[in-house]
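The block underneath contains the structure these notes are about, expressed in structure tokens.
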Amino acid sequence: MPQPTAIVTGGGRGIGRAVSVELAGAGYYVVVNYKSNASSAEETVELLKANGGDGECVGFDVSNSDESGKALEEILSRRKTVDVLVNNAGITADGLFVMMSENDWDTVVNTSLKGFYNMTKPVLKKMIPQKRGSVVSIASVAGLTGNRGQANYAAAKAGLIGASRSVASETARLGVRVNVVAPGLIETDMIRNAPVENIKSLIPMARIGKPAEVARVVRFLCSEDASYITGQVISVNGGMF
Ligand code: NDP
């Protein structure tokens with residue numbers, strides 16, 4: 001049996017890096033995608049190799065269908081199987097909705113939601129004939145509750161949940177499971193400018209989560225231990241609601 005392959009979008013930093021390391025530790029060959037920060041993605045690959053794992057990094061923009069299509073075609077032709085896809089790449093461009101530029105709406109929605117389309121469709125075409133595969137997408141608590149100043153981000157993440165649940169029901173009988181992880185506040189570059197001390201008071205556990213705490217749930221959902229779980233949204237948020 002060939003070494004199973006996992007593709008992690010935005011795997012160079014933050015939650016994506018933790019997921020890449022976790023999946024490499026579980027035996028996957030990890031394809032670490034990044035958009036522009038090549039050195040950080042290379043560091044992720046070095047890190048997973050230092051822990052006895054294996055993988056590579058590949059730069060492309062998940063929101064760009066031509067770019068991601070070409071890159072995926074090359075990866076899918078080279079790897080015997082693709083067993084896991086983690087749609088983790090995401091960005092924020094916060095602001096009150098009435099002030100929000102069209103560009104801020106489009107780039108945020110296109111990264112999470114168009115990225116899901118661009119990545120998941122070609123990968124499913126490989127997973128379905130294999131009769132095996134797991135897709136996990138990283139949404140957010142904002143996609144479940146909405147959040148002031150994040151209409152674009154909340155819409156993108158809510159869309160990701162709707163799309164995942166729909167695709168899950170289409171692939172449930174074909175051996176492919178599709179789930180969502182919805183983190184609360186996690187210690188990464190993304191929240192560098194967030195008012196963390198104020199937000200902590202809204203979190204029952206009164207602390208920020210760590211990327212590894214999200215990554216372990218992703219690893220579980222990808223594993224055979226989660227063989228009867230599909231179309232679900234698992235929150236990792238310190239008990240926020
Ligand atoms: P970071 O900002 O730390 O990392 C984002 C990653 O996404 C980077 O690797 C970046 O690549 C990559 N990326 C961004 N845009 C693209 C693109 N168009 N194509 C390919 N890769 C891209 O974010 P986090 O680790 O915090 O977030 C990871 C996911 O978790 C996101 O979807 C985010 O929305 C979600 N999330 C995060 C929370 C948090 O509190 N941190 C809370 C809830 C959800 P590069 O390094 O090249 O820039």
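Labels for the structure tokens follow display order: chains A, B, ..., residues from 1 in each chain, ligands from 1.
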
Contacts to ligand 1 at 6 Å cut-off (only C-alpha atoms and all ligand atoms) as a VMD selection string: chain A and resid 9 to 16 34 to 37 60 to 63 88 to 91 111 138 to 140 183 to 191

Which of A:Ser65, A:Ser235, A:Thr171, A:Asn110 sits closest to A:Tyr153 [using only C-alpha atoms]: A:Asn110

With only C-alpha atoms counted and 8 Å as the cut-off, give the residues of stretch 4-80 of chain A in contact with stretch 120-132 of chain A, each with its shortest interatomic distance in Å and the pair that gives it, as a Markdown table.
```
| residue | atom | partner | partner_atom | distance |
| --- | --- | --- | --- | --- |
| A:Gly69 | CA | A:Pro122 | CA | 7.8 |
| A:Leu72 | CA | A:Pro122 | CA | 7.5 |
| A:Leu76 | CA | A:Lys126 | CA | 7.5 |
```

What residues in stretch 100-213 of chain A get the DSSP label helix (DSSP H, G or I)? Please answer as number ranges by chain. A: 102-130, 141-145, 151-174, 189-191, 196-200, 211-213

Using only C-alpha atoms: which of A:Phe116, A:Leu160, A:Ala151, A:Leu221 has the shortest distance to A:Ala93: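 Selected residue with least distance to A:Ala93: A:Ala151.
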
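Among the candidates A:Gly231, A:Gly95, A:Pro204, A:Gly25, the residue lying nearest to A:Ala50 is A:Gly25 (atoms considered: only C-alpha atoms).
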
Applying 12 Å and only C-alpha atoms, which residues near A:Glu42 remain after dropping the ones on its own chain fewer than 4 positions away? List them as a VMD selection string. chain A and resid 11 to 13 17 20 31 to 34 36 to 38 46 to 49 55 to 59

Write a file of the selected residues as a short mmCIF file (atom, residue, chain, number, x, y, z; two decimals), in the first residue's frame, keeping all heavy atoms.
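The resulting file, out-v9.cif, is shown below:
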```cif
data_model
loop_
_atom_site.label_atom_id
_atom_site.label_comp_id
_atom_site.auth_asym_id
_atom_site.auth_seq_id
_atom_site.Cartn_x
_atom_site.Cartn_y
_atom_site.Cartn_z
N GLY A 11 -0.81 25.63 4.50
CA GLY A 11 -0.15 24.79 5.50
C GLY A 11 1.16 25.35 6.04
O GLY A 11 1.80 24.73 6.89
N GLY A 12 1.56 26.52 5.57
CA GLY A 12 2.86 27.06 5.95
C GLY A 12 2.92 27.69 7.33
O GLY A 12 3.99 27.76 7.94
N ARG A 13 1.77 28.17 7.79
CA ARG A 13 1.77 28.91 9.07
C ARG A 13 0.57 28.51 9.90
O ARG A 13 -0.38 27.90 9.39
CB ARG A 13 1.66 30.42 8.80
CG ARG A 13 2.82 31.00 8.07
CD ARG A 13 2.71 32.52 8.00
NE ARG A 13 1.79 32.99 6.96
CZ ARG A 13 0.84 33.90 7.17
NH1 ARG A 13 0.65 34.41 8.37
NH2 ARG A 13 0.06 34.29 6.17
N ARG A 17 -0.02 24.85 9.59
CA ARG A 17 1.26 24.22 9.93
C ARG A 17 1.04 23.10 10.96
O ARG A 17 1.57 22.00 10.81
CB ARG A 17 2.25 25.25 10.48
CG ARG A 17 3.50 24.59 11.05
CD ARG A 17 4.52 25.57 11.56
NE ARG A 17 5.22 26.22 10.46
CZ ARG A 17 6.23 27.08 10.61
NH1 ARG A 17 6.61 27.43 11.82
NH2 ARG A 17 6.83 27.61 9.57
N SER A 20 -0.46 20.14 9.30
CA SER A 20 0.53 19.44 8.46
C SER A 20 1.41 18.54 9.32
O SER A 20 1.67 17.38 8.98
CB SER A 20 1.40 20.45 7.70
OG SER A 20 0.59 21.22 6.84
N VAL A 31 1.37 17.44 1.41
CA VAL A 31 1.61 18.51 0.44
C VAL A 31 1.16 19.81 1.11
O VAL A 31 -0.03 20.00 1.37
CB VAL A 31 0.83 18.27 -0.87
CG1 VAL A 31 1.05 19.41 -1.85
CG2 VAL A 31 1.22 16.92 -1.48
N VAL A 32 2.14 20.64 1.43
CA VAL A 32 1.90 21.88 2.17
C VAL A 32 1.74 23.02 1.16
O VAL A 32 2.71 23.44 0.53
CB VAL A 32 3.09 22.18 3.11
CG1 VAL A 32 2.90 23.51 3.83
CG2 VAL A 32 3.29 21.05 4.12
N ASN A 33 0.52 23.51 1.01
CA ASN A 33 0.29 24.63 0.08
C ASN A 33 0.49 25.97 0.81
O ASN A 33 0.24 26.08 2.00
CB ASN A 33 -1.13 24.55 -0.50
CG ASN A 33 -1.65 25.90 -0.94
OD1 ASN A 33 -2.43 26.54 -0.24
ND2 ASN A 33 -1.21 26.37 -2.08
N TYR A 34 0.97 26.97 0.07
CA TYR A 34 1.06 28.33 0.60
C TYR A 34 0.75 29.29 -0.53
O TYR A 34 0.70 28.89 -1.71
CB TYR A 34 2.47 28.60 1.17
CG TYR A 34 3.55 28.55 0.11
CD1 TYR A 34 3.97 29.72 -0.54
CD2 TYR A 34 4.11 27.34 -0.28
CE1 TYR A 34 4.94 29.67 -1.53
CE2 TYR A 34 5.08 27.29 -1.28
CZ TYR A 34 5.49 28.45 -1.90
OH TYR A 34 6.43 28.39 -2.90
N SER A 36 2.12 32.97 -0.64
CA SER A 36 3.28 33.81 -0.96
C SER A 36 4.46 33.62 -0.02
O SER A 36 5.58 34.00 -0.35
CB SER A 36 2.85 35.28 -0.97
OG SER A 36 2.11 35.56 0.18
N ASN A 37 4.22 33.03 1.14
CA ASN A 37 5.27 32.91 2.15
C ASN A 37 5.99 31.56 2.03
O ASN A 37 5.78 30.64 2.83
CB ASN A 37 4.63 33.08 3.53
CG ASN A 37 5.64 33.41 4.60
OD1 ASN A 37 6.81 33.07 4.48
ND2 ASN A 37 5.19 34.05 5.65
N ALA A 38 6.87 31.48 1.01
CA ALA A 38 7.54 30.19 0.71
C ALA A 38 8.43 29.73 1.86
O ALA A 38 8.46 28.54 2.20
CB ALA A 38 8.36 30.32 -0.57
N GLU A 46 10.38 21.20 6.79
CA GLU A 46 11.56 20.81 7.59
C GLU A 46 11.12 20.26 8.95
O GLU A 46 11.64 19.27 9.44
CB GLU A 46 12.48 22.01 7.81
CG GLU A 46 13.42 22.25 6.64
CD GLU A 46 14.07 23.63 6.73
OE1 GLU A 46 14.26 24.14 7.86
OE2 GLU A 46 14.36 24.20 5.66
N LEU A 47 10.12 20.93 9.53
CA LEU A 47 9.61 20.55 10.85
C LEU A 47 9.01 19.14 10.82
O LEU A 47 9.30 18.31 11.68
CB LEU A 47 8.55 21.56 11.27
CG LEU A 47 8.13 21.62 12.72
CD1 LEU A 47 9.30 22.02 13.60
CD2 LEU A 47 7.00 22.66 12.87
N LEU A 48 8.19 18.87 9.82
CA LEU A 48 7.57 17.54 9.78
C LEU A 48 8.59 16.47 9.45
O LEU A 48 8.49 15.33 9.93
CB LEU A 48 6.31 17.51 8.90
CG LEU A 48 6.35 17.87 7.43
CD1 LEU A 48 6.71 16.65 6.61
CD2 LEU A 48 5.00 18.42 7.00
N LYS A 49 9.62 16.83 8.66
CA LYS A 49 10.69 15.86 8.37
C LYS A 49 11.52 15.59 9.62
O LYS A 49 11.92 14.46 9.88
CB LYS A 49 11.58 16.36 7.23
CG LYS A 49 10.91 16.21 5.86
CD LYS A 49 11.84 16.56 4.72
CE LYS A 49 11.17 16.25 3.39
NZ LYS A 49 11.89 16.80 2.24
N GLY A 55 7.11 15.15 3.20
CA GLY A 55 6.19 16.03 2.48
C GLY A 55 6.94 17.01 1.61
O GLY A 55 8.15 16.90 1.43
N GLU A 56 6.21 17.97 1.07
CA GLU A 56 6.79 18.97 0.16
C GLU A 56 5.92 20.22 0.25
O GLU A 56 4.78 20.15 0.73
CB GLU A 56 6.76 18.45 -1.28
CG GLU A 56 5.34 18.23 -1.77
CD GLU A 56 5.25 17.67 -3.18
OE1 GLU A 56 5.69 18.33 -4.12
OE2 GLU A 56 4.71 16.54 -3.32
N CYS A 57 6.44 21.36 -0.23
CA CYS A 57 5.54 22.51 -0.30
C CYS A 57 5.33 22.95 -1.74
O CYS A 57 6.22 22.82 -2.58
CB CYS A 57 6.02 23.66 0.59
SG CYS A 57 7.70 24.15 0.38
N VAL A 58 4.13 23.45 -2.01
CA VAL A 58 3.75 23.86 -3.37
C VAL A 58 3.00 25.19 -3.25
O VAL A 58 1.99 25.27 -2.54
CB VAL A 58 2.82 22.81 -4.03
CG1 VAL A 58 2.50 23.22 -5.46
CG2 VAL A 58 3.43 21.42 -4.00
N GLY A 59 3.49 26.21 -3.95
CA GLY A 59 2.86 27.53 -3.87
C GLY A 59 1.81 27.73 -4.96
O GLY A 59 2.10 27.53 -6.14
#
```

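Atom to atom, atom CA of A:Thr81 and atom CA of A:Ser134 stand 12.0 Å apart.
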
Closest to A:Val82 among A:Ile7, A:Val214, A:Leu174, A:Val108, using only C-alpha atoms?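 Checking each candidate against A:Val82, we get A:Ile7 as the closest.
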
Nearest to A:Lys210, chosen from A:Val236, A:Asp83, A:Ser169, A:Lys157, with only C-alpha atoms counted in the distances: A:Val236

Who sits within 6 Å of stretch 178-180 of chain A, only C-alpha atoms, same chain under 2 positions skipped, as a PDB file with all heavy atoms, in the first residue's frame:
```pdb
ATOM      1  N   SER A 134     -11.111  11.777   2.872  1.00  0.00           N
ATOM      2  CA  SER A 134     -11.687  12.635   3.898  1.00  0.00           C
ATOM      3  C   SER A 134     -11.342  14.085   3.570  1.00  0.00           C
ATOM      4  O   SER A 134     -10.175  14.408   3.317  1.00  0.00           O
ATOM      5  CB  SER A 134     -11.116  12.228   5.265  1.00  0.00           C
ATOM      6  OG  SER A 134     -11.539  13.147   6.241  1.00  0.00           O
ATOM      7  N   VAL A 135     -12.368  14.918   3.548  1.00  0.00           N
ATOM      8  CA  VAL A 135     -12.172  16.354   3.317  1.00  0.00           C
ATOM      9  C   VAL A 135     -12.574  17.074   4.599  1.00  0.00           C
ATOM     10  O   VAL A 135     -13.671  16.839   5.123  1.00  0.00           O
ATOM     11  CB  VAL A 135     -13.043  16.863   2.142  1.00  0.00           C
ATOM     12  CG1 VAL A 135     -12.875  18.367   1.948  1.00  0.00           C
ATOM     13  CG2 VAL A 135     -12.720  16.106   0.852  1.00  0.00           C
ATOM     14  N   VAL A 136     -11.681  17.908   5.111  1.00  0.00           N
ATOM     15  CA  VAL A 136     -12.004  18.708   6.298  1.00  0.00           C
ATOM     16  C   VAL A 136     -11.755  20.173   5.948  1.00  0.00           C
ATOM     17  O   VAL A 136     -10.686  20.515   5.432  1.00  0.00           O
ATOM     18  CB  VAL A 136     -11.133  18.305   7.510  1.00  0.00           C
ATOM     19  CG1 VAL A 136     -11.444  19.203   8.714  1.00  0.00           C
ATOM     20  CG2 VAL A 136     -11.355  16.841   7.888  1.00  0.00           C
ATOM     21  N   SER A 137     -12.725  21.010   6.194  1.00  0.00           N
ATOM     22  CA  SER A 137     -12.554  22.438   5.924  1.00  0.00           C
ATOM     23  C   SER A 137     -12.594  23.213   7.229  1.00  0.00           C
ATOM     24  O   SER A 137     -13.357  22.882   8.145  1.00  0.00           O
ATOM     25  CB  SER A 137     -13.648  22.929   4.973  1.00  0.00           C
ATOM     26  OG  SER A 137     -13.553  22.219   3.746  1.00  0.00           O
ATOM     27  N   ILE A 138     -11.748  24.241   7.294  1.00  0.00           N
ATOM     28  CA  ILE A 138     -11.667  25.034   8.521  1.00  0.00           C
ATOM     29  C   ILE A 138     -12.570  26.256   8.368  1.00  0.00           C
ATOM     30  O   ILE A 138     -12.273  27.166   7.589  1.00  0.00           O
ATOM     31  CB  ILE A 138     -10.207  25.469   8.830  1.00  0.00           C
ATOM     32  CG1 ILE A 138      -9.234  24.281   8.777  1.00  0.00           C
ATOM     33  CG2 ILE A 138     -10.153  26.174  10.190  1.00  0.00           C
ATOM     34  CD1 ILE A 138      -9.508  23.171   9.780  1.00  0.00           C
ATOM     35  N   ALA A 168     -21.105  16.407   1.464  1.00  0.00           N
ATOM     36  CA  ALA A 168     -21.057  15.205   2.329  1.00  0.00           C
ATOM     37  C   ALA A 168     -22.200  14.264   1.994  1.00  0.00           C
ATOM     38  O   ALA A 168     -22.022  13.043   1.927  1.00  0.00           O
ATOM     39  CB  ALA A 168     -21.114  15.609   3.796  1.00  0.00           C
ATOM     40  N   THR A 230     -19.790  12.154   9.074  1.00  0.00           N
ATOM     41  CA  THR A 230     -19.713  12.987   7.865  1.00  0.00           C
ATOM     42  C   THR A 230     -20.787  14.065   7.912  1.00  0.00           C
ATOM     43  O   THR A 230     -21.817  13.900   8.575  1.00  0.00           O
ATOM     44  CB  THR A 230     -19.795  12.140   6.571  1.00  0.00           C
ATOM     45  OG1 THR A 230     -19.328  12.943   5.477  1.00  0.00           O
ATOM     46  CG2 THR A 230     -21.206  11.639   6.267  1.00  0.00           C
ATOM     47  N   GLY A 231     -20.516  15.183   7.250  1.00  0.00           N
ATOM     48  CA  GLY A 231     -21.475  16.294   7.203  1.00  0.00           C
ATOM     49  C   GLY A 231     -21.596  17.044   8.523  1.00  0.00           C
ATOM     50  O   GLY A 231     -22.582  17.746   8.753  1.00  0.00           O
ATOM     51  N   GLN A 232     -20.578  16.929   9.374  1.00  0.00           N
ATOM     52  CA  GLN A 232     -20.661  17.533  10.709  1.00  0.00           C
ATOM     53  C   GLN A 232     -19.772  18.772  10.845  1.00  0.00           C
ATOM     54  O   GLN A 232     -18.795  18.922  10.117  1.00  0.00           O
ATOM     55  CB  GLN A 232     -20.241  16.511  11.778  1.00  0.00           C
ATOM     56  CG  GLN A 232     -21.086  15.247  11.753  1.00  0.00           C
ATOM     57  CD  GLN A 232     -22.577  15.554  11.868  1.00  0.00           C
ATOM     58  OE1 GLN A 232     -23.005  16.234  12.798  1.00  0.00           O
ATOM     59  NE2 GLN A 232     -23.371  15.079  10.913  1.00  0.00           N
ATOM     60  N   VAL A 233     -20.143  19.609  11.788  1.00  0.00           N
ATOM     61  CA  VAL A 233     -19.322  20.777  12.132  1.00  0.00           C
ATOM     62  C   VAL A 233     -18.891  20.601  13.585  1.00  0.00           C
ATOM     63  O   VAL A 233     -19.734  20.535  14.487  1.00  0.00           O
ATOM     64  CB  VAL A 233     -20.118  22.093  11.998  1.00  0.00           C
ATOM     65  CG1 VAL A 233     -19.216  23.289  12.304  1.00  0.00           C
ATOM     66  CG2 VAL A 233     -20.730  22.221  10.605  1.00  0.00           C
TER      67      VAL A 233
END
```

What is the distance, in Å and to one decimal place, between atom CA of A:Asn103 and atom CA of A:Glu67?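 Spanning atom CA of A:Asn103 to atom CA of A:Glu67 is a straight-line distance of 19.6 Å.
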
Ranking A:Thr5, A:Asn51, A:Thr92, A:Asn118 by minimum distance to A:Ile75 and counting only C-alpha atoms, which one comes first?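 Comparing A:Thr5, A:Asn51, A:Thr92, A:Asn118 against A:Ile75, the winner is A:Thr5.
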
Looking only at the backbone, which of the residues in chain A does DSSP tag as strand (DSSP E or B), as a PyMOL selection string? chain A and resi 5-8+29-34+54-59+84-87+133-138+176-183+186+209+233-236

Atomic separation - atom CA of A:Pro4 relative to atom CA of A:Glu74, Å: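 Separating atom CA of A:Glu74 from atom CA of A:Pro4 is a distance of 16.8 Å.
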